[in-house]
Structures are given as C-alpha cells and as structure tokens.
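Asker: Following this line is start32.cif, made up of mmCIF, C-alpha atoms:
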data_protein
loop_
_atom_site.label_atom_id
_atom_site.label_comp_id
_atom_site.auth_asym_id
_atom_site.auth_seq_id
_atom_site.Cartn_x
_atom_site.Cartn_y
_atom_site.Cartn_z
CA MET Q 1 -27.31 -52.24 130.30
CA LYS Q 2 -25.16 -54.94 131.92
CA LYS Q 3 -27.51 -55.07 134.90
CA PHE Q 4 -30.47 -55.58 132.60
CA LYS Q 5 -28.74 -58.49 130.79
CA PHE Q 6 -27.74 -60.03 134.10
CA ILE Q 7 -31.29 -59.81 135.50
CA LEU Q 8 -32.72 -61.19 132.27
CA SER Q 9 -30.25 -64.10 132.41
CA VAL Q 10 -31.19 -64.87 136.01
CA ILE Q 11 -34.92 -64.81 135.16
CA CYS Q 12 -34.35 -67.14 132.20
CA LEU Q 13 -32.39 -69.58 134.36
CA LEU Q 14 -35.06 -69.57 137.06
CA PHE Q 15 -37.72 -70.24 134.45
CA LEU Q 16 -35.66 -73.07 132.97
CA PHE Q 17 -35.16 -74.75 136.35
CA THR Q 18 -38.84 -74.38 137.15
CA VAL Q 19 -39.82 -76.11 133.90
CA VAL Q 20 -37.28 -78.89 134.37
CA SER Q 21 -38.31 -79.60 137.96
CA TYR Q 22 -41.99 -79.60 137.00
CA GLY Q 23 -41.25 -82.28 134.42
CA ASP Q 24 -40.41 -84.75 137.18
CA TYR Q 25 -43.66 -84.13 139.06
CA SER Q 26 -46.24 -86.87 138.74
CA SER Q 27 -49.84 -86.32 139.70
CA ILE Q 28 -50.36 -90.08 140.14
CA THR Q 29 -48.25 -92.39 142.29
CA GLY Q 30 -48.64 -96.09 142.94
CA GLU Q 31 -47.32 -98.19 145.78
CA ASN Q 32 -47.88 -101.58 147.35
CA SER Q 33 -50.18 -101.89 150.32
CA TYR Q 34 -48.08 -104.24 152.43
CA GLU Q 35 -50.64 -104.97 155.13
CA GLU Q 36 -53.54 -105.59 152.76
CA THR Q 37 -51.48 -107.74 150.38
CA TYR Q 38 -50.40 -110.06 153.20
CA GLU Q 39 -53.84 -110.05 154.79
CA LYS Q 40 -55.83 -110.71 151.60
CA HIS Q 41 -53.26 -112.98 149.87
CA TYR Q 42 -53.35 -111.08 146.58
CA PRO Q 43 -51.76 -107.82 145.35
CA VAL Q 44 -53.28 -104.55 146.55
CA ILE Q 45 -51.90 -101.34 145.01
CA LYS Q 46 -52.57 -97.89 146.49
CA ILE Q 47 -53.00 -95.26 143.76
CA THR Q 48 -52.81 -91.64 144.89
CA ASN Q 49 -53.96 -88.64 142.85
CA HIS Q 50 -51.98 -85.56 143.88
CA SER Q 51 -53.78 -83.23 141.47
CA SER Q 52 -56.91 -81.15 141.92
CA LYS Q 53 -58.74 -83.00 139.11
CA ASP Q 54 -60.25 -86.48 138.90
CA ILE Q 55 -58.14 -88.81 136.77
CA THR Q 56 -58.97 -92.18 135.21
CA VAL Q 57 -56.01 -94.52 135.46
CA GLU Q 58 -55.66 -97.48 133.12
CA TRP Q 59 -53.80 -100.47 134.51
CA GLY Q 60 -52.40 -103.76 133.34
CA ALA Q 61 -50.68 -106.68 135.02
CA TYR Q 62 -49.03 -110.00 134.25
CA GLY Q 63 -47.94 -108.74 130.87
CA ASP Q 64 -51.22 -107.57 129.41
CA ALA Q 65 -53.24 -110.58 130.58
CA PHE Q 66 -55.19 -108.48 133.08
CA GLN Q 67 -56.28 -104.92 132.30
CA GLY Q 68 -58.82 -102.34 133.40
CA ASP Q 69 -59.27 -98.80 134.57
CA ILE Q 70 -60.04 -97.12 137.84
CA SER Q 71 -61.22 -93.60 138.63
CA VAL Q 72 -59.12 -91.73 141.18
CA PRO Q 73 -60.81 -88.63 142.64
CA ALA Q 74 -58.80 -85.46 143.12
CA ASN Q 75 -56.43 -85.42 146.10
CA SER Q 76 -57.31 -88.93 147.23
CA THR Q 77 -56.06 -92.51 147.33
CA VAL Q 78 -57.89 -95.59 146.04
CA ARG Q 79 -56.98 -99.25 146.29
CA LEU Q 80 -56.62 -101.45 143.25
CA GLU Q 81 -57.33 -104.97 144.53
CA LEU Q 82 -56.03 -107.58 142.11
CA GLU Q 83 -57.75 -110.67 143.46
CA GLU Q 84 -57.44 -112.36 140.06
CA LEU Q 85 -53.67 -112.45 140.62
CA SER Q 86 -53.91 -114.52 143.81
CA PHE Q 87 -52.34 -117.46 141.90
CA LEU Q 88 -49.00 -115.60 142.15
CA GLY Q 89 -48.84 -116.66 145.81
CA ALA Q 90 -48.35 -120.33 144.90
CA ASP Q 91 -44.69 -119.62 144.07
CA ASN Q 92 -44.21 -116.26 145.83
CA GLU Q 93 -44.12 -114.79 142.31
CA THR Q 94 -44.24 -111.07 141.57
CA THR Q 95 -45.39 -109.13 138.53
CA THR Q 96 -45.26 -105.58 137.29
CA VAL Q 97 -48.46 -103.55 137.39
CA TRP Q 98 -48.34 -100.65 134.93
CA LEU Q 99 -50.40 -97.53 135.43
CA THR Q 100 -51.01 -94.97 132.70
CA TRP Q 101 -53.14 -91.83 132.48
CA THR Q 102 -53.57 -88.70 130.42
CA GLU Q 103 -53.47 -85.24 131.93
CA GLU Q 104 -55.04 -82.14 130.49
CA GLY Q 105 -52.48 -80.15 128.53
CA SER Q 106 -50.13 -83.12 128.16
CA LEU Q 107 -49.22 -84.35 124.71
CA LYS Q 108 -48.60 -87.94 125.74
CA PRO Q 109 -49.86 -90.30 128.43
CA LYS Q 110 -47.90 -90.51 131.64
CA GLY Q 111 -47.23 -93.69 133.51
CA THR Q 112 -45.55 -95.55 136.31
CA ASP Q 113 -44.88 -99.17 137.26
CA VAL Q 114 -45.31 -100.97 140.57
CA ILE Q 115 -43.71 -104.36 141.20
CA THR Q 116 -46.02 -106.44 143.38
CA LEU Q 117 -44.88 -107.98 146.64
CA PRO Q 118 -44.32 -111.71 147.02
CA PHE Q 119 -46.98 -113.27 149.24
CA GLU Q 120 -48.20 -116.71 150.24
CA LEU Q 121 -51.19 -118.39 148.67
CA LYS Q 122 -54.14 -118.48 151.04
CA ASP Q 123 -54.58 -121.92 152.52
CA THR Q 124 -58.14 -122.95 151.70
CA HIS Q 125 -57.69 -126.53 152.91
CA GLN Q 126 -59.85 -127.15 155.97
CA PRO Q 127 -58.29 -129.53 158.50
CA GLU Q 128 -60.31 -132.66 159.17
CA PHE Q 129 -60.90 -133.51 162.78
CA GLY Q 130 -61.68 -136.92 163.56
#
Would you mind giving the structure from this file in structure tokens?
Answerer:
Amino acid sequence: MKKFKFILSVICLLFLFTVVSYGDYSSITGENSYEETYEKHYPVIKITNHSSKDITVEWGAYGDAFQGDISVPANSTVRLELEELSFLGADNETTTVWLTWTEEGSLKPKGTDVITLPFELKDTHQPEFG
C-alpha cells in the first residue's frame, strides 16, 4: 500500500510540474528586427507563431494612439512594420508595442510587450549642388 501511495504522489507531482511549466509557454513571441529598423528608419517587430494554428494578433503602440491587428500563420514569422512611428527617430525615442491574442481553450487573452529600438530619423533633405 505504501508503494501505491508513493507512486501516486510521484505521478501527481509530475502532473503538477507539467501544468506549471506549460503555463509559461507562449505561442506568440515578439522581438525587434534590428537590421530592418535601422535600414527603414522606423520600428519593425518580428512576430512568431509557435503554435500549429493561425492566430490573429492585436497590437498597439505609443500608448493606444496606433492600433491594429495582424494575422500570423501557424509556425511562421511575420513582420509588423510601424512606418507611422518614424517620427520617433527625431529624438531617438522608443515606445512599447503591446501584442495580445486569444488562444482556443484559454479563458483570457495572452499578451507580450516589445520595447522598440532607438533609431535615427531618415534624412530626406537632398543636398543642393551648385
């Protein structure tokens, strides 16, 4: 009988650790695209879907001044190009881009934040030769 209780305890602990570790798993991740941000002179965020289902991700930036959504196919990465935030480059300013989504079987939306990189404003002034 002691063996049975011991085995049952071990199974319960394994199940508990499995549930706890699964809670930290996120099917969506967001990160800055360094090269594209510096090349394009506005924030570019790479959003990766690690799940086997398509997910629509809602996003917002600069408080809630800019918002939208983007579809991220299963097991793929898409780029969220925030050209409307190019004005941030005037002062090398950053902002937080929030991402939120709902997963099947989840009671509440999940989310993550990405802080944009500082970058320089694109110089649109054409030199005059004379």
Asker: As a ChimeraX atom specification, please: the residues near stretch 61-78 of chain Q (cut-off 12 Å, all atoms listed in the file, same-chain neighbours under 6 positions excluded).
Answerer: /Q:27-33,43-55,84-88,93-101,113-116
Asker: Applying 12 Å and all atoms listed in the file, which residues near Q:Leu121 remain after dropping the ones on its own chain fewer than 3 positions away? List them as a PDB file with C-alpha atoms, in the coordinates of the input.
Answerer:
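File written: out31.pdb
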ATOM      1  CA  THR Q  37     -51.480-107.740 150.380  1.00  0.00           C
ATOM      2  CA  TYR Q  38     -50.400-110.060 153.200  1.00  0.00           C
ATOM      3  CA  GLU Q  39     -53.840-110.050 154.790  1.00  0.00           C
ATOM      4  CA  LYS Q  40     -55.830-110.710 151.600  1.00  0.00           C
ATOM      5  CA  HIS Q  41     -53.260-112.980 149.870  1.00  0.00           C
ATOM      6  CA  TYR Q  42     -53.350-111.080 146.580  1.00  0.00           C
ATOM      7  CA  PRO Q  43     -51.760-107.820 145.350  1.00  0.00           C
ATOM      8  CA  GLU Q  83     -57.750-110.670 143.460  1.00  0.00           C
ATOM      9  CA  LEU Q  85     -53.670-112.450 140.620  1.00  0.00           C
ATOM     10  CA  SER Q  86     -53.910-114.520 143.810  1.00  0.00           C
ATOM     11  CA  PHE Q  87     -52.340-117.460 141.900  1.00  0.00           C
ATOM     12  CA  LEU Q  88     -49.000-115.600 142.150  1.00  0.00           C
ATOM     13  CA  GLY Q  89     -48.840-116.660 145.810  1.00  0.00           C
ATOM     14  CA  ALA Q  90     -48.350-120.330 144.900  1.00  0.00           C
ATOM     15  CA  ASP Q  91     -44.690-119.620 144.070  1.00  0.00           C
ATOM     16  CA  ASN Q  92     -44.210-116.260 145.830  1.00  0.00           C
ATOM     17  CA  GLU Q  93     -44.120-114.790 142.310  1.00  0.00           C
ATOM     18  CA  PRO Q 118     -44.320-111.710 147.020  1.00  0.00           C
ATOM     19  CA  THR Q 124     -58.140-122.950 151.700  1.00  0.00           C
ATOM     20  CA  HIS Q 125     -57.690-126.530 152.910  1.00  0.00           C
TER      21      HIS Q 125
END
Asker: Please report the interatomic distance between atom CA of Q:Tyr34 and atom CA of Q:Phe119 in Å with one decimal.
Answerer: 9.6 Å
